[in-house]
Structure formats: C-alpha cells, structure tokens
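Next comes my_file-v5.txt, with compact mmCIF, C-alpha atoms and all ligand atoms.
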```txt
# COMPACT_ATOMS: atom_id res chain seq x y z
CA MET A 1 -5.00 0.91 -31.34
CA ASN A 2 -4.19 4.33 -32.72
CA THR A 3 -5.10 7.62 -31.07
CA LYS A 4 -8.04 8.10 -33.40
CA SER A 5 -9.68 4.83 -32.49
CA ILE A 6 -8.96 5.38 -28.78
CA ASN A 7 -10.75 8.73 -28.98
CA GLN A 8 -13.56 7.28 -31.06
CA ARG A 9 -14.11 4.41 -28.64
CA TYR A 10 -14.00 6.81 -25.74
CA ASP A 11 -16.67 9.01 -27.32
CA GLU A 12 -18.91 5.99 -27.78
CA ALA A 13 -18.32 4.84 -24.22
CA LYS A 14 -18.99 8.36 -23.01
CA SER A 15 -22.42 8.47 -24.64
CA MET A 16 -23.29 4.96 -23.41
CA TYR A 17 -22.43 5.92 -19.85
CA ALA A 18 -24.30 9.22 -20.23
CA GLU A 19 -27.47 7.23 -20.92
CA TYR A 20 -27.12 5.88 -17.39
CA GLY A 21 -26.38 9.27 -15.92
CA VAL A 22 -22.60 8.80 -15.61
CA ASP A 23 -20.13 11.51 -16.61
CA THR A 24 -16.97 9.74 -17.82
CA ASP A 25 -14.95 12.98 -18.00
CA LYS A 26 -15.65 13.56 -14.34
CA ALA A 27 -14.61 10.00 -13.48
CA ILE A 28 -11.28 10.58 -15.24
CA GLN A 29 -10.85 13.87 -13.45
CA ASN A 30 -11.38 12.07 -10.13
CA MET A 31 -8.84 9.43 -11.13
CA GLN A 32 -6.23 12.11 -11.62
CA SER A 33 -6.35 13.03 -7.94
CA VAL A 34 -5.84 9.44 -6.72
CA GLU A 35 -2.28 8.66 -5.68
CA ILE A 36 -1.24 5.08 -5.02
CA SER A 37 1.78 4.48 -2.84
CA LEU A 38 4.19 1.93 -4.33
CA GLN A 39 6.05 -0.18 -1.79
CA CYS A 40 9.83 -0.02 -2.11
CA TRP A 41 10.15 -3.52 -0.69
CA GLN A 42 8.72 -5.12 -3.85
CA GLY A 43 11.81 -3.83 -5.63
CA ASP A 44 14.38 -5.83 -3.64
CA ASP A 45 12.50 -8.58 -1.79
CA VAL A 46 12.34 -6.67 1.53
CA VAL A 47 16.10 -6.77 2.02
CA GLY A 48 16.76 -3.06 2.51
CA PHE A 49 20.09 -1.26 2.75
CA GLU A 50 21.00 -1.76 6.36
CA VAL A 51 24.60 -2.57 7.13
CA ASP A 52 25.25 -4.63 10.23
CA GLU A 53 28.41 -4.76 12.32
CA LYS A 54 29.81 -7.36 9.94
CA GLY A 55 28.81 -5.41 6.86
CA LEU A 56 25.96 -7.78 5.96
CA SER A 57 22.32 -7.07 5.48
CA GLY A 58 19.28 -9.10 6.37
CA GLY A 59 15.81 -9.58 4.93
CA ILE A 60 12.34 -10.98 5.44
CA MET A 61 11.15 -14.18 3.81
CA THR A 62 10.33 -13.88 0.15
CA THR A 63 10.01 -16.71 -2.34
CA GLY A 64 11.45 -16.69 -5.82
CA ASN A 65 14.78 -15.74 -7.32
CA TYR A 66 13.91 -13.78 -10.44
CA PRO A 67 17.11 -12.08 -11.61
CA GLY A 68 17.83 -8.37 -11.57
CA LYS A 69 16.65 -7.14 -8.19
CA ALA A 70 17.80 -3.73 -6.99
CA LYS A 71 20.93 -4.07 -4.83
CA ASN A 72 21.25 -0.45 -3.79
CA ALA A 73 19.10 2.64 -3.46
CA ASP A 74 20.08 4.14 -6.80
CA GLU A 75 19.05 0.98 -8.62
CA LEU A 76 15.80 0.89 -6.67
CA ARG A 77 15.05 4.51 -7.54
CA ASN A 78 15.81 3.83 -11.21
CA ASP A 79 13.40 0.90 -11.13
CA TYR A 80 10.79 3.09 -9.49
CA GLU A 81 11.15 5.72 -12.20
CA LYS A 82 10.72 3.15 -14.93
CA ALA A 83 7.63 1.72 -13.24
CA PHE A 84 6.12 5.18 -12.66
CA SER A 85 6.52 5.94 -16.36
CA LEU A 86 4.31 2.96 -17.23
CA ILE A 87 1.44 3.83 -14.90
CA PRO A 88 -1.06 6.64 -15.57
CA GLY A 89 -1.26 9.50 -13.08
CA LYS A 90 1.03 10.55 -10.25
CA GLN A 91 1.88 8.01 -7.57
CA ARG A 92 3.83 7.99 -4.30
CA ALA A 93 6.82 5.99 -3.03
CA ASN A 94 6.45 4.05 0.21
CA ILE A 95 9.72 3.57 2.07
CA HIS A 96 10.49 1.19 4.93
CA ALA A 97 12.92 2.32 7.63
CA ILE A 98 15.46 -0.34 6.57
CA TYR A 99 15.92 1.48 3.24
CA LEU A 100 18.19 4.05 4.84
CA GLU A 101 21.51 5.02 3.27
CA THR A 102 24.36 5.21 5.78
CA ASP A 103 27.40 5.18 3.54
CA GLY A 104 28.54 1.78 4.78
CA LYS A 105 28.16 2.65 8.45
CA PHE A 106 26.27 0.45 10.93
CA VAL A 107 23.26 2.36 12.26
CA ASP A 108 20.91 0.37 14.46
CA ARG A 109 17.14 0.84 14.27
CA ASP A 110 17.01 2.91 17.46
CA GLN A 111 19.55 5.33 15.98
CA ILE A 112 18.00 6.19 12.62
CA GLU A 113 17.74 9.84 11.64
CA LEU A 114 16.39 11.95 8.84
CA LYS A 115 19.83 12.40 7.27
CA TYR A 116 19.90 8.76 6.22
CA PHE A 117 16.87 9.39 4.02
CA LYS A 118 18.14 12.55 2.42
CA ASN A 119 18.66 10.91 -0.98
CA TRP A 120 15.08 9.66 -0.96
CA ILE A 121 13.75 13.09 -0.06
CA ASP A 122 15.84 14.85 -2.71
CA TRP A 123 14.80 12.30 -5.32
CA ALA A 124 11.10 12.60 -4.44
CA LYS A 125 11.33 16.37 -4.64
CA GLN A 126 12.99 16.21 -8.02
CA LYS A 127 10.40 13.75 -9.31
CA LYS A 128 7.58 15.76 -7.71
CA ILE A 129 6.23 12.78 -5.84
CA ALA A 130 5.36 12.30 -2.18
CA LEU A 131 6.93 9.76 0.18
CA ASP A 132 5.28 7.54 2.76
CA PHE A 133 7.12 5.72 5.53
CA ASN A 134 7.02 2.54 7.64
CA THR A 135 8.57 1.32 10.86
CA SER A 136 10.68 -1.85 10.33
CA MET A 137 10.15 -4.16 13.30
CA PHE A 138 11.36 -7.44 11.81
CA SER A 139 14.56 -9.10 10.53
CA HIS A 140 16.47 -8.04 13.62
CA ALA A 141 18.04 -9.78 16.61
CA LYS A 142 15.79 -7.79 18.95
CA ALA A 143 12.72 -9.25 17.25
CA ALA A 144 13.95 -12.84 17.60
CA SER A 145 11.53 -13.74 20.41
CA GLY A 146 8.62 -13.04 18.09
CA TYR A 147 7.72 -9.94 20.06
CA THR A 148 8.78 -6.30 19.76
CA ILE A 149 6.72 -3.65 21.54
CA SER A 150 4.86 -6.33 23.51
CA ASP A 151 7.97 -8.25 24.60
CA TYR A 152 8.14 -9.00 28.34
CA ASP A 153 11.66 -7.53 28.43
CA PRO A 154 11.38 -3.77 28.95
CA ALA A 155 14.72 -3.20 27.19
CA ILE A 156 13.35 -4.82 24.03
CA ARG A 157 10.19 -2.74 24.21
CA ASP A 158 12.22 0.44 24.75
CA PHE A 159 14.38 -0.34 21.74
CA TRP A 160 11.41 -0.67 19.39
CA ILE A 161 9.56 2.26 20.90
CA GLU A 162 12.62 4.40 20.22
CA HIS A 163 12.70 3.09 16.65
CA ALA A 164 9.06 4.00 16.07
CA LYS A 165 9.43 7.44 17.66
CA ARG A 166 12.33 8.17 15.34
CA CYS A 167 10.28 6.94 12.40
CA ARG A 168 7.52 9.39 13.33
CA ASP A 169 10.02 12.21 13.51
CA ILE A 170 11.47 11.29 10.11
CA ALA A 171 8.00 10.91 8.57
CA ALA A 172 6.90 14.28 9.95
CA LYS A 173 9.94 15.94 8.41
CA MET A 174 9.33 14.18 5.11
CA GLY A 175 5.75 15.45 5.21
CA GLU A 176 6.89 18.97 5.97
CA ALA A 177 9.45 18.88 3.15
CA GLN A 178 6.94 17.64 0.58
CA GLY A 179 4.08 19.88 1.73
CA LYS A 180 1.82 16.84 1.98
CA SER A 181 1.35 14.54 4.93
CA CYS A 182 3.53 11.45 4.98
CA LEU A 183 1.61 8.31 5.86
CA LEU A 184 3.47 6.34 8.52
CA ASN A 185 2.32 2.75 8.84
CA HIS A 186 2.99 0.89 12.08
CA TRP A 187 3.01 -2.88 11.82
CA MET A 188 4.75 -5.32 14.08
CA PRO A 189 4.84 -9.12 13.79
CA ASP A 190 4.23 -9.76 17.52
CA GLY A 191 2.65 -13.11 18.18
CA SER A 192 3.30 -16.79 18.73
CA LYS A 193 3.26 -20.15 17.04
CA ASP A 194 1.17 -21.76 19.75
CA ALA A 195 -1.55 -20.35 21.94
CA PRO A 196 -0.34 -18.27 24.87
CA VAL A 197 -2.01 -18.46 28.28
CA ASP A 198 -1.98 -14.70 28.76
CA ARG A 199 -3.19 -12.83 25.70
CA PHE A 200 -4.33 -9.95 27.84
CA ALA A 201 -0.83 -9.15 29.17
CA ARG A 202 0.64 -8.92 25.67
CA ARG A 203 -2.13 -6.68 24.42
CA LYS A 204 -1.83 -4.40 27.42
CA LEU A 205 1.89 -4.07 26.76
CA PHE A 206 1.13 -3.43 23.09
CA ILE A 207 -1.16 -0.50 23.77
CA GLN A 208 1.07 0.92 26.50
CA SER A 209 3.98 0.89 24.05
CA MET A 210 1.88 2.38 21.25
CA ASP A 211 0.82 5.16 23.60
CA ARG A 212 4.46 5.92 24.31
CA ILE A 213 5.23 5.90 20.57
CA LEU A 214 2.39 8.34 19.87
CA ASP A 215 3.11 10.52 22.88
CA LYS A 216 4.63 13.37 20.89
CA GLU A 217 2.12 15.41 18.92
CA TYR A 218 2.81 16.16 15.28
CA SER A 219 0.65 18.09 12.87
CA LYS A 220 -1.49 15.76 10.77
CA ASP A 221 -0.47 17.97 7.86
CA PHE A 222 2.98 16.41 8.21
CA VAL A 223 2.45 12.86 9.43
CA LEU A 224 -0.54 10.54 9.58
CA ASP A 225 0.01 7.50 11.79
CA ALA A 226 -1.70 4.27 10.82
CA LEU A 227 -1.80 0.93 12.64
CA GLU A 228 -2.12 -2.36 10.79
CA SER A 229 -3.57 -5.59 12.11
CA LYS A 230 -2.84 -9.09 10.87
CA LEU A 231 -4.57 -12.42 11.24
CA PHE A 232 -1.48 -14.61 11.39
CA GLY A 233 1.91 -15.14 9.82
CA ILE A 234 4.35 -17.98 9.25
CA GLY A 235 5.47 -19.04 12.75
CA VAL A 236 2.77 -16.82 14.26
CA GLU A 237 -0.21 -19.06 13.63
CA SER A 238 -2.05 -19.11 16.94
CA PHE A 239 -1.82 -15.61 18.33
CA THR A 240 -1.26 -12.16 16.88
CA VAL A 241 -1.06 -9.38 19.45
CA GLY A 242 -2.18 -6.74 16.93
CA SER A 243 -5.35 -8.56 15.91
CA ALA A 244 -8.14 -6.81 14.00
CA GLU A 245 -10.07 -5.92 17.16
CA THR A 246 -7.01 -4.83 19.12
CA VAL A 247 -5.93 -2.52 16.32
CA LEU A 248 -9.36 -1.17 15.40
CA GLY A 249 -10.18 -0.30 19.01
CA TYR A 250 -6.80 1.29 19.47
CA ALA A 251 -6.86 3.32 16.26
CA ILE A 252 -10.36 4.67 16.85
CA SER A 253 -9.71 5.54 20.49
CA ARG A 254 -6.41 7.32 19.68
CA ASN A 255 -7.67 9.04 16.55
CA ILE A 256 -5.11 7.49 14.21
CA LEU A 257 -5.77 5.58 10.99
CA VAL A 258 -6.52 1.91 10.91
CA THR A 259 -4.89 -0.01 8.05
CA TYR A 260 -6.93 -2.61 6.22
CA ASP A 261 -4.77 -5.00 4.24
CA LEU A 262 -6.64 -7.19 1.77
CA GLY A 263 -4.44 -10.14 2.79
CA HIS A 264 -4.75 -9.80 6.56
CA PHE A 265 -8.22 -11.20 7.25
CA HIS A 266 -10.00 -14.52 7.11
CA PRO A 267 -10.22 -15.65 3.47
CA THR A 268 -13.99 -15.18 3.22
CA GLU A 269 -14.12 -12.03 5.35
CA SER A 270 -15.08 -8.96 3.33
CA ILE A 271 -12.83 -5.94 3.76
CA ALA A 272 -15.25 -4.00 1.57
CA ASP A 273 -17.89 -4.24 4.28
CA LYS A 274 -15.53 -2.61 6.77
CA ILE A 275 -15.32 0.69 4.87
CA SER A 276 -18.70 2.16 5.73
CA SER A 277 -18.64 0.73 9.25
CA THR A 278 -15.22 2.14 10.06
CA LEU A 279 -15.79 5.52 8.43
CA LEU A 280 -18.66 6.10 10.84
CA TYR A 281 -16.03 6.36 13.56
CA ALA A 282 -12.80 7.34 11.81
CA ASP A 283 -11.93 10.30 9.58
CA ARG A 284 -9.47 8.41 7.43
CA LEU A 285 -8.36 4.89 6.54
CA LEU A 286 -5.29 3.35 4.99
CA LEU A 287 -5.90 0.55 2.50
CA HIS A 288 -3.23 -1.95 1.54
CA THR A 289 -4.08 -3.69 -1.70
CA SER A 290 -2.71 -7.19 -1.84
CA ARG A 291 -3.96 -10.68 -2.60
CA GLY A 292 -4.11 -13.49 -0.11
CA VAL A 293 -3.54 -16.99 -1.45
CA ARG A 294 -4.02 -19.75 1.14
CA TRP A 295 -1.57 -18.89 3.92
CA ASP A 296 0.21 -16.10 2.07
CA SER A 297 -1.03 -12.54 2.42
CA ASP A 298 1.27 -10.95 -0.12
CA HIS A 299 0.64 -12.07 -3.69
CA VAL A 300 0.55 -9.36 -6.36
CA VAL A 301 -2.87 -7.73 -6.40
CA ILE A 302 -4.86 -8.28 -9.58
CA GLN A 303 -8.40 -7.47 -10.70
CA THR A 304 -10.24 -9.71 -8.25
CA ASP A 305 -13.83 -9.36 -7.07
CA ASP A 306 -12.45 -8.47 -3.62
CA LEU A 307 -10.51 -5.53 -5.00
CA PHE A 308 -13.43 -4.27 -7.07
CA ALA A 309 -15.85 -4.62 -4.15
CA LEU A 310 -13.44 -2.70 -1.92
CA MET A 311 -13.12 0.24 -4.28
CA GLN A 312 -16.87 0.22 -4.97
CA GLU A 313 -17.48 0.66 -1.26
CA VAL A 314 -14.95 3.50 -1.04
CA VAL A 315 -16.53 5.32 -3.98
CA ARG A 316 -20.11 4.63 -2.90
CA ALA A 317 -19.27 6.08 0.50
CA ASP A 318 -17.91 9.16 -1.32
CA ALA A 319 -14.72 8.47 0.59
CA LEU A 320 -11.93 8.59 -1.99
CA SER A 321 -10.63 11.70 -0.26
CA ARG A 322 -10.75 9.90 3.10
CA VAL A 323 -8.57 6.94 2.19
CA ASN A 324 -4.89 6.50 1.52
CA ILE A 325 -4.15 3.64 -0.83
CA ALA A 326 -0.90 1.70 -0.86
CA LEU A 327 0.25 -1.55 -2.41
CA ASP A 328 1.55 -4.20 -0.05
CA PHE A 329 2.91 -7.40 -1.49
CA PHE A 330 6.23 -8.85 -2.50
CA ASP A 331 6.87 -11.44 -5.14
CA ALA A 332 10.42 -12.42 -6.07
CA SER A 333 9.36 -14.99 -8.66
CA ILE A 334 8.45 -12.50 -11.40
CA ASN A 335 9.87 -9.26 -12.75
CA ARG A 336 9.65 -6.89 -9.79
CA LEU A 337 8.74 -3.81 -11.84
CA ALA A 338 5.98 -5.80 -13.50
CA ALA A 339 4.65 -6.66 -10.04
CA TRP A 340 4.38 -2.94 -9.19
CA ILE A 341 2.76 -2.14 -12.52
CA ILE A 342 0.27 -5.01 -12.45
CA GLY A 343 -0.71 -4.14 -8.87
CA THR A 344 -1.02 -0.41 -9.41
CA ARG A 345 -2.91 -0.66 -12.67
CA ALA A 346 -5.29 -3.27 -11.19
CA THR A 347 -5.95 -1.01 -8.20
CA GLN A 348 -6.53 1.97 -10.50
CA LYS A 349 -8.87 -0.02 -12.73
CA ALA A 350 -10.93 -1.05 -9.71
CA ILE A 351 -11.23 2.62 -8.69
CA LEU A 352 -12.17 3.72 -12.20
CA PHE A 353 -14.75 0.95 -12.51
CA ALA A 354 -16.30 2.12 -9.25
CA LEU A 355 -16.29 5.76 -10.37
CA LEU A 356 -18.17 4.72 -13.52
CA GLU A 357 -20.92 2.90 -11.67
CA PRO A 358 -24.39 4.33 -12.44
CA HIS A 359 -24.83 4.98 -8.76
CA GLU A 360 -27.91 7.24 -8.81
CA LEU A 361 -29.79 4.78 -10.98
CA LEU A 362 -28.95 1.83 -8.73
CA LEU A 363 -29.75 3.80 -5.63
CA GLY A 364 -33.18 4.63 -7.09
CA LYS A 365 -33.91 0.94 -7.63
CA GLU A 366 -32.79 0.17 -4.11
CA GLU A 367 -34.96 2.89 -2.60
CA GLU A 368 -37.96 1.69 -4.61
CA GLY A 369 -37.35 -1.80 -3.27
CA ASP A 370 -36.75 -3.16 -6.77
CA THR A 371 -34.07 -5.61 -5.79
CA THR A 372 -34.55 -7.56 -9.02
CA ALA A 373 -33.55 -4.56 -11.12
CA ARG A 374 -30.70 -3.76 -8.73
CA LEU A 375 -29.18 -7.22 -9.17
CA ALA A 376 -29.82 -7.33 -12.92
CA LEU A 377 -28.30 -3.92 -13.53
CA LEU A 378 -25.30 -4.47 -11.27
CA ASP A 379 -24.42 -7.52 -13.30
CA GLU A 380 -25.12 -5.93 -16.69
CA PHE A 381 -23.06 -2.86 -15.81
CA LYS A 382 -19.97 -5.04 -15.53
CA ASN A 383 -20.10 -5.21 -19.34
CA LEU A 384 -20.25 -1.49 -20.03
CA PRO A 385 -17.17 -0.33 -21.99
CA TRP A 386 -15.18 0.84 -18.98
CA SER A 387 -11.95 -0.46 -20.52
CA ASP A 388 -12.37 2.13 -23.31
CA VAL A 389 -12.45 4.78 -20.60
CA TRP A 390 -9.35 3.21 -19.02
CA ASN A 391 -7.50 3.22 -22.36
CA TYR A 392 -8.40 6.86 -22.92
CA TYR A 393 -7.18 7.71 -19.42
CA CYS A 394 -3.86 5.95 -20.15
CA GLU A 395 -3.60 7.76 -23.49
CA ILE A 396 -4.13 11.26 -22.09
CA SER A 397 -1.75 10.46 -19.21
CA GLY A 398 1.01 9.34 -21.56
CA ALA A 399 0.99 5.81 -20.13
CA PRO A 400 1.04 2.69 -22.32
CA LEU A 401 -2.23 1.12 -23.37
CA GLY A 402 -3.21 -2.43 -22.57
CA ASP A 403 -0.24 -4.78 -22.41
CA LYS A 404 2.16 -2.37 -24.16
CA TRP A 405 3.88 -1.63 -20.86
CA LEU A 406 5.11 -5.21 -20.80
CA ASP A 407 7.30 -4.63 -23.88
CA GLU A 408 8.92 -1.72 -22.06
CA VAL A 409 9.52 -3.83 -18.98
CA LYS A 410 11.05 -6.62 -21.06
CA LYS A 411 13.32 -4.12 -22.74
CA TYR A 412 14.39 -2.64 -19.38
CA GLU A 413 14.98 -6.15 -18.11
CA LYS A 414 17.29 -6.93 -21.02
CA ASP A 415 19.10 -3.57 -20.99
CA VAL A 416 19.34 -2.97 -17.24
CA LEU A 417 18.11 -5.64 -14.83
CA PHE A 418 19.83 -8.67 -16.34
CA LYS A 419 23.11 -6.76 -16.57
CA ARG A 420 23.20 -6.23 -12.80
CA LYS A 421 25.82 -8.27 -10.97
MN MN A 501 -0.01 -4.50 4.73
```
Take the structure from the file and write it as structure tokens.
Amino acid sequence: MNTKSINQRYDEAKSMYAEYGVDTDKAIQNMQSVEISLQCWQGDDVVGFEVDEKGLSGGIMTTGNYPGKAKNADELRNDYEKAFSLIPGKQRANIHAIYLETDGKFVDRDQIELKYFKNWIDWAKQKKIALDFNTSMFSHAKAASGYTISDYDPAIRDFWIEHAKRCRDIAAKMGEAQGKSCLLNHWMPDGSKDAPVDRFARRKLFIQSMDRILDKEYSKDFVLDALESKLFGIGVESFTVGSAETVLGYAISRNILVTYDLGHFHPTESIADKISSTLLYADRLLLHTSRGVRWDSDHVVIQTDDLFALMQEVVRADALSRVNIALDFFDASINRLAAWIIGTRATQKAILFALLEPHELLLGKEEEGDTTARLALLDEFKNLPWSDVWNYYCEISGAPLGDKWLDEVKKYEKDVLFKRK
C-alpha cells in the first residue's frame, strides 16, 4: 500500500466510525500516550549477565534454540533498538536485576547497586525511553529449596529481602533519573511440588518479608512497586505462596500495585473481569500481556479474544491512565526480536480496537435493556475497518505497515544475529 491509499482508506474508516459516534483521530492520539514495557529477558532467554565465582552465568528454563540470541548487554540493547524501530509509538525497556553489568566481577544479588545499571540508564536517556525494573529471585543457589522470602531459614529470607530492598533503591533512582516513575515488579517462585501441611506459615512469612522489603518509603513519582501472583509453575504444581488471593489482599492493603499476568490464572478465568473489580480498590494496576498454553504461561502474546477483552475492559473503565502495561513471555524457538514485535503490536492493536469501540452507542442499548442490539452490534463492530486505522497509525509513526517489519527482522537476522558467535 502506498501513502495515498493508506490516507484514503483512513479517511473512509474515519467517516464510517464517525457514523457510530467514534472519533478515530482521538483514538490515535490516545494511542500515542500508551507505552508498553518490553521485557529484556525475551532477548536472551532469561540468562542475564551475572558472573558467578567461576565466571559462569545461569538462567531460567526456556525452550528452543533459535540462533542469534544476545550474549551481552550491548547486543541486547542493539536488538532492542531494532525492535523499537519496528513498533509504532514510544515504548519502555523492562530490565531484570540479573541484567547488571559488573565488568567481569562476581556481584551477588544482595550486593547489587545502581552503578551496575549505569549503561542501561545512559542508553535509556539517550534513546529517550523509560526503564522499568524487576527483582530476580530465581536461578540462584539460595532459591534452591523452592522458597525465597518465605523460606523457613531466616538467613535465606534476609538474603532475598536485601536483594529486593536494593532493587527498590535502584528503581527509585532510575525513576528519578528519567523523570518518570520506574515500575518495579516483585515476583518470587515460592511454592512446592506437593501439597504442604502448613500453607498459613509460608504466607505469614511471605507478608512479613514483603513488609520488610517495603519498609522504606519512596516517592511514587520515582518507583511504583507491584506484586505478581501465579497459579503454579513447573515443579511448583500444588502450592504457590503468592497466590492470587494472597497477592491481591496484600497489594490492596499496602497500597501497591497488583500485577495481573494473562498467563497466571486458571485457563478459563477471565482477567478482563478483574479490571473493574480491582480498580474499585486500587489506584493503579500492572498488566503483563502473555499467552498461556496448557501448562506454560509464557507464550508470545498474539491477538486473542482474552487480550482484546482485557483491553476493552481497561478502556471501558476509562483506565488507560491507571494501568502500566508490560510484555511477559519468553520464547527461544523463534526470532527473539520478532517475539517482541509480535507481542507489542498485538497488545497495541487490542488497545486501539478498544479505543475505537462505539461505546456510547452500546451503552445506550444496554441502558435501554436492548440486549439483542448490544450483542448484534458488538459482533458487527468487530468488522469495522479498524485495521485501516492501525495502518494509518503505523504510517504516521514511521513504523512498518502490516507484515513489512518481518522483512526488516529477516535482514537484521542475516546481517547481525546469525553472525554472532
Ligand atoms: Mn508476569
């Protein structure tokens, strides 16, 4: 499609939407203020740049061995830049604590400091993007029992509490440096393969430790703490300390954000339905877009009904300004930049689709009790030319249209990724 036909199609879409009372220009304007945080761990299969005493580095379980993954922070940042250039709008970079740069020196998790993230901060400043941050409570000898902040051993708990406190300090300084709050997500894998006899004890330890982590007050202008629940994981099938209820109750009572990950709930449980219920009690939410497939919570997010329903609920609640949105998945079986781009563009499309919904019209039908019209229109509206609005948004943002980004990724793969040792 050339620019002329993109503009022409947009003009037609604009008048079609106007018939239903929707202003497409305004929807695009709203899109421009949405930042999606891209997870660094998709770029290198959650390995990170830690150096242990023997000079080795660890990693979490990923599947796939697609060639060309980033082996150091410079490569990862280059990959990020390429991906950002193929996505409309301005996004953020989401860094895990294990992506520190220590110049070959062993620095344990309870010793991390801001200086090890200086390159990330300088890079973000130069690229005019914001950073988000995450505690890394996995792939470590002190997480071997399956528990971190709810371990029965106080020394283990102290170690991870110190890690998280340092992460908060780093995140607050990142936020201060970028003039925008840094979102710090707290997730820990604590749980067990088989059912414990004392769930209560673990959860009490969990909240006591979290209270110690959050003890120091930081301005929310610098750091926003979020706590993420999970249903289960591999090897943690029967009991997760940070279950949905544990985390929701904690987050609401401590006035921090709760994180809803699309892959962390029962397969038929609607995360969309949680938006309006949670926002009655919380100021803000963090959303992790992902895609659960059977027992895996971390497939690349695509345009599923779940994703569309989630963003519809956010927009219908007029809550775009009350949510932070981040990707959370890792797939080592496909091109890693493509994974970022597919996931971000799918998430953006779901938001744009929601922004283009003829909301007033549907609301009128609902208030009149005309549920027939509500259902009929909701289904018909799926076929309005929202992809013409998307293409126009890509065009004015300087991002590739349709599948054109894939050619760029293939070229980068040939020129850069496949040449990596
Ligand atoms: Mn997540």
Residue neighbourhood range 228-240 of chain A, 10 Å, all atoms listed in the file, exclusion window fewer than 3 positions, as a VMD selection string: chain A and resid 61 146 to 147 185 to 196 199 202 to 203 243 to 248 251 257 to 261 263 to 266 286 to 288 295 to 297
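Distance-wise, CA of Gln42 in chain A and CA of Ala73 in chain A end up 13.0 Å apart.
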One-decimal distance in Å that lies between CA of Gly21 in chain A and CA of Tyr393 in chain A: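 So the answer is 19.6 Å.
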Which residue of A:Ala226, A:Ala13, A:Ala346, A:Leu377 approaches Asn324 in chain A most closely, using all atoms listed in the file: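 Nearest to Asn324 in chain A: A:Ala226.
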Coordinates-based distance that separates CA of Gln178 in chain A from CA of Ile121 in chain A (Å, one decimal):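 A separation of 8.2 Å between them.
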Among listed residues A:Asp328, A:Asp25, A:Glu395, A:Asp379, nearest ligand MN 501 (chain A) (using all atoms listed in the file):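 Ranked by minimum distance to ligand MN 501 (chain A), first place goes to A:Asp328.
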Given only C-alpha atoms as the counted atoms, nearest of A:Ala339, A:Ile325, A:Ile161, A:Met31 to Leu183 in chain A: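 Nearest candidate to Leu183 in chain A out of A:Ala339, A:Ile325, A:Ile161, A:Met31: A:Ile325.
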I'd like a table as JSON lines: residues in range 363-396 of chain A with an atom no more than 12 Å from range 75-96 of chain A, each row giving the shortest atom pair and its distance in Å to one decimal, only C-alpha atoms counted, sorted by chain and rising residue number.
```
{"residue": "A:Trp390", "atom": "CA", "partner": "A:Pro88", "partner_atom": "CA", "distance": 9.6}
{"residue": "A:Asn391", "atom": "CA", "partner": "A:Pro88", "partner_atom": "CA", "distance": 10.0}
{"residue": "A:Tyr392", "atom": "CA", "partner": "A:Pro88", "partner_atom": "CA", "distance": 10.4}
{"residue": "A:Tyr393", "atom": "CA", "partner": "A:Pro88", "partner_atom": "CA", "distance": 7.3}
{"residue": "A:Cys394", "atom": "CA", "partner": "A:Pro88", "partner_atom": "CA", "distance": 5.4}
{"residue": "A:Glu395", "atom": "CA", "partner": "A:Pro88", "partner_atom": "CA", "distance": 8.4}
{"residue": "A:Ile396", "atom": "CA", "partner": "A:Pro88", "partner_atom": "CA", "distance": 8.6}
```
Counting all atoms listed in the file, the residue of A:Ala70, A:Ala319, A:Ile28, A:Leu184 that sits nearest Val223 in chain A: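 Using all atoms listed in the file, the shortest distance to Val223 in chain A belongs to A:Leu184.
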Protein and nucleic acid residues near (-2.9, -4.4, -21.4) (cut-off 10 Å, only C-alpha atoms) as a PyMOL selection string: chain A and resi 342+345+387+391+400-406
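Using all atoms listed in the file, the smallest distance between any of A:Leu327, A:Ala130, A:Val241, A:Leu337 and ligand MN 501 (chain A) comes from A:Leu327.
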Residue among A:Ala177, A:Val51, A:Leu38, A:Val197 lying closest to ligand MN 501 (chain A), counting all atoms listed in the file: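 Ranked by minimum distance to ligand MN 501 (chain A), first place goes to A:Leu38.
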Polymer residues at most 6 Å from range 351-357 of chain A, all atoms listed in the file, same-chain spacing of 3 or more positions, as number ranges by chain: A: 27, 311-312, 348
Selection as a PyMOL selection string: residues within 10 Å of (4.3, -3.8, -3.5), counting all atoms listed in the file: chain A and resi 37-43+45-46+94+288-290+298-301+326-331+336-337+339-344
